[in-house]
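*Asks:* The structure's right below; bear with me while I get my questions together.
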Amino acid sequence: MNRKTKFRIFSLLLMLTLLMNASPLQSARGEIKEESGVTVYFPNWNVYSDAKNQVKNLPWDRLDGINHAFWKIVPQDGGYVIVSTDPWADTDKGNPNAHFSQYAECAKKYPNVKILLSIGGWTCCGYFSEMAASEDGCASFIQSCVDTLKDYTFLSGIDIDWEYPGVSRAGGSGDEGNPVKGDDKTNYTLLLKEMRAALDNQFGKNKKQLTVCASASSGTLSRQDYASLFPYVDRINVMTYDMTGAYNAMTGHHSALYGTVSADTAVKYLMKQGVPASKIAIGSPLYSHGWKIKKLSGNPLGAPAQGLGSGDKTWSYLQKLEKASVPEGNPGWHMGFDEKAKAAYLWNDDPNAQDCGVFYTYESSASLEAKLAYIWAYQLGGLIVWQAHGDSAAEDWPMITQMYQGLH
């Protein structure tokens with residue numbers, strides 16, 4: 001009996017079990033797990049930012065997890081291994097501020113913070129499908145992950161950021177794209193099943209975490225088999241951001257809680273597949289997307305607009321615009337809040353300002369509060385954040401502090 005036949009038999013048995021025990025929505029209810037909470041992404045390119053951001057300067061006392069981004073898959077000796085996208089920044093012993101040496105020290109002080117290694121990301125998914133299409137490919141990749149966890153004992157597990165199985169996408173300059181080389185829907189689950197078994201065999205049952213990222217779009221989610229894969233993962237991190245952007249010809253929300261494409265629709269989709277609520281985390285962006293409204297008149301939300309290449313601003317920048325905002329009727333920056341979508345925005349209507357007509361969609365303290373309430377209402381597995389340094393370190397991380405206090 002081959003690998004895929006065994007998997008299909010297992011999938012049928014799993015679905016029968018779900019149907020016999022409870023309806024998908026009922027079985028998805030649970031309690032917030034102890035290890036759930038606030039998980040932030042820390043990209044290794046932070047070392048080149050103006051602030052020279054470092055691992056040791058993160059608010060470790062207000063975090064439950066850190067996903068280090070990114071490592072990638074490369075072919076080697078007929079198989080596949082994982083390597084850092086920036087070895088100098090991450091592991092080079094000649095770099096006094098290498099991220100992994102800082103993680104090792106911080107992990108001793110904060111042993112309850114889970115540090116996961118994120119593999120993939122939007123630009124580094126070129127070999128996922130090819131690797132997952134064969135038993136030997138999977139085996140070599142999994143062994144490389146296990147070896148890396150053995151080499152860096154502070155790591156609590158692996159985060160698979162394959163964007164996205166079954167969704168073919170051409171690459172470009174510096175972007176591997178996401179070529180589909182096989183039956184991704186089946187192979188993705190098989191990869192996770194075999195990864196879970198390898199982690200448990202090497203380190204002990206459930207001693208190392210395995211998490212995955214997921215799109216907020218049901219059209220993309222349907223390309224993966226969450227009803228079959230969820231038993232093998234500790235958490236499904238739904239990236240409930242980038243749901244609109246400069247590519248759209250009108251202003252909108254890129255991280256709406258409710259709406260046609262929203263955190264709510266993604267969560268409900270996964271729960272209907274039988275995924276326990278405690279294994280679902282939703283996302284909070286600490287950055288904006290922006291447009292230039294073509295003609296200011298009436299409601300700026302949903303207005304025809306031209307996307308701004310410079311529309312991705314950090315939350316710390318947007319906070320300054322919030323503080324400078326004025327009531328409607330006075331020209332300048334204004335804060336808006338969509339009560340139906342529970343989403344925030346900023347726009348400028350000062351005809352004498354260079355930013356006149358600029359509109360930003362972003363996460364505010366008010367929209368974050370609504371997400372935190374939603375997490376508690378559905379007993380979800382927490383919040384993921386892209387990325388940590390969008391917050392204001394100078395003001396002692398106010399957004400991450402709100403997240404942590406809201407979930408504890």
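Please note that chains go A, B, ... in the order of the structure tokens, that every chain numbers its residues from 1, and that ligands are numbered from 1 in the order shown.
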Listing only residues of region 341-403 of chain A within 12 Å of region 66-83 of chain A, what is the closest atom pair and its distance in Å (to one decimal) for each, using only C-alpha atoms, sorted by chain and residue number ascending, as JSON lines?

*Replies:*
{"residue": "A:Leu383", "atom": "CA", "partner": "A:Ile66", "partner_atom": "CA", "distance": 11.4}
{"residue": "A:Ile384", "atom": "CA", "partner": "A:Asn67", "partner_atom": "CA", "distance": 9.1}
{"residue": "A:Val385", "atom": "CA", "partner": "A:Ile66", "partner_atom": "CA", "distance": 9.4}
{"residue": "A:Trp386", "atom": "CA", "partner": "A:Asn67", "partner_atom": "CA", "distance": 9.8}
{"residue": "A:Gln387", "atom": "CA", "partner": "A:Asn67", "partner_atom": "CA", "distance": 9.7}
{"residue": "A:Ala388", "atom": "CA", "partner": "A:Ile66", "partner_atom": "CA", "distance": 9.0}

*Asks:* With only C-alpha atoms as the counted atoms, please give the residues lying no more than 10 Å from Asp338 (chain A), apart from itself and same-chain residues fewer than 3 positions off, as a ChimeraX atom specification.

*Replies:* /A:253,256,258,301,341-345,367

*Asks:* With N, CA and C atoms kept, could you save the residues just selected as a CSV table (one decimal), in the first residue's frame?

*Replies:*
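Result file selection-v1.csv:
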chain,number,residue,atom,x,y,z
A,253,HIS,N,-10.3,48.0,4.1
A,253,HIS,CA,-9.6,47.5,5.3
A,253,HIS,C,-8.7,46.3,5.0
A,256,ALA,N,-9.8,43.5,8.5
A,256,ALA,CA,-11.1,43.6,9.1
A,256,ALA,C,-11.4,42.4,10.0
A,258,TYR,N,-14.7,41.7,10.8
A,258,TYR,CA,-16.0,41.2,10.2
A,258,TYR,C,-16.1,41.7,8.7
A,301,LEU,N,-14.0,55.9,3.0
A,301,LEU,CA,-14.0,54.5,3.0
A,301,LEU,C,-14.7,54.0,1.7
A,341,ALA,N,-17.2,46.5,10.5
A,341,ALA,CA,-16.0,45.7,10.3
A,341,ALA,C,-15.1,45.6,11.5
A,342,LYS,N,-15.3,46.5,12.4
A,342,LYS,CA,-14.4,46.7,13.6
A,342,LYS,C,-13.0,47.0,13.1
A,343,ALA,N,-12.9,47.9,12.2
A,343,ALA,CA,-11.6,48.2,11.6
A,343,ALA,C,-11.3,49.7,11.6
A,344,ALA,N,-10.1,50.1,11.7
A,344,ALA,CA,-9.7,51.5,11.8
A,344,ALA,C,-9.1,52.1,10.5
A,345,TYR,N,-9.1,53.4,10.4
A,345,TYR,CA,-8.5,54.0,9.2
A,345,TYR,C,-8.2,55.5,9.6
A,367,SER,N,-9.5,48.8,17.3
A,367,SER,CA,-9.7,47.6,16.5
A,367,SER,C,-9.1,46.4,17.1

*Asks:* Near region 189-206 of chain A, within 8 Å and counting only C-alpha atoms, which residues show up once chain neighbours fewer than 2 positions away are dropped, as a PyMOL selection string?

*Replies:* chain A and resi 7+132+138+142+146+185-187+208-210+225+228-229+232-233

*Asks:* Would you list, as a ChimeraX atom specification, the residues of region 14-222 of chain A that end up in alpha helix (DSSP H) under DSSP run on this structure's backbone?

*Replies:* /A:14-21,24-28,87-90,99-109,128-132,135-151,184-203,218-221

*Asks:* What is the distance between CA of Gly406 (chain A) and CA of Ile280 (chain A), in Å to one decimal?

*Replies:* 17.0 Å

*Asks:* Could you pull out the residues in region 22-99 of chain A that DSSP calls strand (DSSP E or B) from the backbone, as JSON, numbers by chain?

*Replies:* {"A": [37, 38, 39, 40, 41, 42, 43, 65, 66, 67, 68, 69, 70, 71, 72, 73, 74, 75, 76, 79, 80, 81, 82, 83, 84]}

*Asks:* Of the residues A:Trp291, A:Trp333, A:Trp122, A:Tyr152, which is the one nearest to Val358 (chain A), using only C-alpha atoms?

*Replies:*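 That would be A:Trp291, the residue with the smallest distance to Val358 (chain A).
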
*Asks:* Using CA of Ala104 (chain A) and CA of Asp90 (chain A) as the two end points, give the distance in Å to one decimal.

*Replies:*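 According to the coordinates, CA of Ala104 (chain A) and CA of Asp90 (chain A) are separated by 11.7 Å.
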
*Asks:* Fewer than 6 positions away in the same chain doesn't count, so skip those; otherwise give me all residues within 12 Å of Ser392 (chain A), counting only C-alpha atoms, as a list in words.

*Replies:* Ala51, Asn53, Asn57, Leu58, Pro59, Leu286, Tyr287, Thr314, Trp315, Ser316, Tyr317, Leu318, Gln319, Lys320, Pro398, Met399, Ile400 and Thr401 of chain A

*Asks:* In Å, how far is it from CA of Ser284 (chain A) to CA of Gly166 (chain A)?

*Replies:* 25.0 Å

*Asks:* Which of these, A:Gln405, A:Ser173, A:Ser101, A:Ser36, has the shortest distance to Asp234 (chain A) once you count only C-alpha atoms?

*Replies:*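 Nearest candidate to Asp234 (chain A) out of A:Gln405, A:Ser173, A:Ser101, A:Ser36: A:Ser36.
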
*Asks:* Using only C-alpha atoms for the distances, tell me which of A:Tyr362, A:Lys56, A:Pro304, A:Leu296 is nearest to Pro331 (chain A).

*Replies:*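 Checking each of A:Tyr362, A:Lys56, A:Pro304, A:Leu296 against Pro331 (chain A), counting only C-alpha atoms, the winner is A:Leu296.
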